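Quick notes on the structure that follows.
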Amino acid sequence: MINSQAFFTGLKSLKGSRSPAIPLAACFIALGALFKDAGFNIQQSVASSLFTYALPGQLVMAESIVLGTSIINIFLAVWLVNFRLYPMTVSLFPLLKHKSQPKWKYYLSCHFLAVSSWLIAKEGYRKIEKKHRIDFWIGIGTGTLATAVILTVVGYMSADFFNKDMLIGLAIVNPVYFFCMMIGAMKDLAVSISVVLGSTLGPVIYLFSAEWSLLFAGLIAGSIAFFVGEKNGK
Amino acid sequence: MVSSQIIILAIIATSIATFISRFMGALTSEKVSVKSNIFKWFNCVAYSTLAALLGRMIIFPAGVLAESEIIIRLIVFFVCIAIFILSKKNLVLPTIASAILLSFLTNF
């Protein structure tokens, strides 16, 4: 049902110096500590990392709860901040498609989609035989999700040992790591423009509309990058 | 203290709001071919949305990061990107440096 060799190749991507376990550890430990601060119990913290598994959305939720925001507003705010997962899935899953594979694998494993797993899969899918790519993806996802859940527990339990400076230090690891990985992915013109323009437009549009900034920045920067890339024959 | 019921509802709402985007992506992917232009466009939009999110996390962060100063965050960010490029794309050095540097400069 699942090709174990491809699965374990995916799972093993957690090892080594390019391991996504480093930023995952930093940010989910910080998140666990934040959950404790916000009044969550440990079961709720685990449930959040297991079922949501998308850091920016979880941060929005924890902050909104403290501020007393309504559930419907939390839903909308999270949907907007996590909408990036839609284009990310569409830019990965066609690469993993194979007609011999059942649909449920794709429908369930889309839950594993996060920045870390997406970047690893985009980097490594070529080395895996087409038929088994979805199993490779399930391996990556199992490893990254398990890491996130375990480290949320670690962060929650050790919340009292962290002072504010340590938490601030942990929080910067995530954007720095993923930015580095994206620079590593800038191999053609379209992707390079996407990254540079997106990271500039994101904060600029945020000044006008905090909630819609990601959606607009992504659409505008991505479309410009696409057309420039096409014009230059890439 | 926030009631536990509100927290559970919020977790459910957050999880559904997140899964919708992933699942819609899986459904759309069935109709998208790797060689098509629409796939290339989605790829660009995915990278730029992600870049926008990361840019926003550095400049307008949420959570504890908001308590550090923006100029310090920018210095740390550019120093770490430089370390990444100079170290021939080693990922461990810049990430560890970022945490140490930011904690250190915030207290300086």
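Here's how to read the names in the structure tokens: chain A, B, ... by the order shown, residue numbers from 1 in each chain, ligand numbers from 1 in the order shown.
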From a backbone DSSP assignment, name each residue in chain B labelled helix (DSSP H, G or I), as JSON, numbers by chain. {"B": [4, 5, 6, 7, 8, 9, 10, 11, 12, 13, 14, 15, 16, 17, 18, 19, 20, 21, 22, 23, 24, 25, 26, 27, 28, 29, 37, 38, 39, 40, 41, 42, 43, 44, 45, 46, 47, 48, 49, 50, 51, 52, 53, 54, 55, 56, 57, 58, 59, 63, 64, 65, 66, 67, 70, 71, 72, 73, 74, 75, 76, 77, 78, 79, 80, 81, 82, 83, 84, 85, 86, 92, 93, 94, 95, 96, 97, 98, 99, 100, 101, 102, 103, 104, 105, 106, 107]}
What are the closest atom pairs, with distances in Å to one decimal, for each residue of stretch 17-72 of chain B lying within 12 Å of stretch 215-224 of chain A, using only C-alpha atoms, rows by chain and rising residue number, as a tab-separated table?
```
residue	atom	partner	partner_atom	distance
B:Asn37	CA	A:Ser223	CA	11.5
B:Ile38	CA	A:Ser223	CA	10.7
B:Phe39	CA	A:Gly222	CA	11.9
B:Lys40	CA	A:Gly222	CA	9.7
B:Trp41	CA	A:Ser223	CA	6.7
B:Phe42	CA	A:Gly222	CA	7.8
B:Asn43	CA	A:Gly222	CA	8.0
B:Cys44	CA	A:Gly222	CA	4.6
B:Val45	CA	A:Gly222	CA	4.0
B:Ala46	CA	A:Gly218	CA	7.1
B:Tyr47	CA	A:Gly222	CA	7.4
B:Ser48	CA	A:Gly218	CA	4.9
B:Thr49	CA	A:Gly218	CA	3.9
B:Leu50	CA	A:Gly218	CA	7.6
B:Ala51	CA	A:Gly218	CA	8.1
B:Ala52	CA	A:Ala217	CA	6.3
B:Leu53	CA	A:Gly218	CA	9.0
B:Leu54	CA	A:Gly218	CA	11.7
B:Gly55	CA	A:Ala217	CA	10.7
B:Arg56	CA	A:Ala217	CA	10.6
```
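Of the listed residues (A:Leu207, A:Val195, A:Val176, A:Leu67), A:Val176 comes nearest to B:Ile58; the distances count only C-alpha atoms.
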Report, in Å with one decimal, the straight-line distance from atom CA of A:Leu145 to atom CA of A:Lys97. 21.7 Å
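You can rank B:Val79, B:Ser103, B:Ile72, B:Leu93 by their closest distance to chain A using only C-alpha atoms, and at the top of that list sits B:Ser103.
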Nearest to chain A: which of B:Ser36, B:Pro61, B:Thr14, B:Phe78 is it, counting only C-alpha atoms? B:Thr14
Residues within 12 Å of stretch 66-68 of chain B, please, as a VMD selection string. Count only C-alpha atoms; anything in the same chain fewer than 2 positions from it doesn't count. (chain A and resid 164 to 169 171 to 172) or (chain B and resid 56 to 64 70 to 76 101 to 108)
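Residue nearest A:Asn41 within the list A:Ala146, A:Leu80, A:Ala225, A:Val153: A:Val153 [criterion: smallest interatomic distance, only C-alpha atoms].
With only C-alpha atoms as the atoms that count, the residue of A:Ala6, A:Val228, A:Met1, A:Leu214 with the shortest distance to A:His132 is A:Ala6.
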Name all residues at most 12 Å from A:Lys99 (count only C-alpha atoms; drop same-chain ones fewer than 5 positions away) and give them as number ranges by chain. A: 94, 105-106, 130-134; B: 30
With C-alpha atoms retained, could you export that selection as a tab-separated table (two decimals), in the first residue's frame?
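Wrote selection-v6.tsv, looks like this:
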```
chain	number	residue	atom	x	y	z
A	94	PRO	CA	0.84	17.62	-9.58
A	105	LYS	CA	-3.58	9.20	-0.19
A	106	TYR	CA	-3.63	12.68	-1.71
A	130	LYS	CA	7.31	8.89	-10.12
A	131	LYS	CA	5.11	6.07	-8.91
A	132	HIS	CA	6.36	6.33	-5.32
A	133	ARG	CA	6.58	10.09	-4.93
A	134	ILE	CA	3.40	10.30	-2.88
B	30	GLU	CA	-6.03	16.68	-10.04
```
Nearest candidate to chain A (options B:Ala99, B:Ile12, B:Leu27, B:Lys89; using only C-alpha atoms): B:Ala99
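Taking atom CA of A:Glu230 and atom CA of A:Arg84 as the two end points, the separation is 22.7 Å.
One distance worth recording is that between atom CA of A:Met61 and atom CA of A:Ile74, which is 6.2 Å.
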Which residues, written as a PyMOL selection string, have at least one atom at most 12 Å from A:Arg126, with only C-alpha atoms counted and residues fewer than 3 positions away on the same chain left out? chain A and resi 92+95-96+120-123+129-133+136-137
What's around B:Ile83 at 12 Å? Count only C-alpha atoms, leave out sequence neighbours fewer than 5 positions away in its own chain, and write the answer as a list in words. Val176, Tyr177 and Cys180 of chain A; Val76, Phe77, Phe78, Lys88, Lys89, Asn90, Leu91, Val92, Leu93, Pro94, Thr95, Ile96, Ala97 and Ser98 of chain B
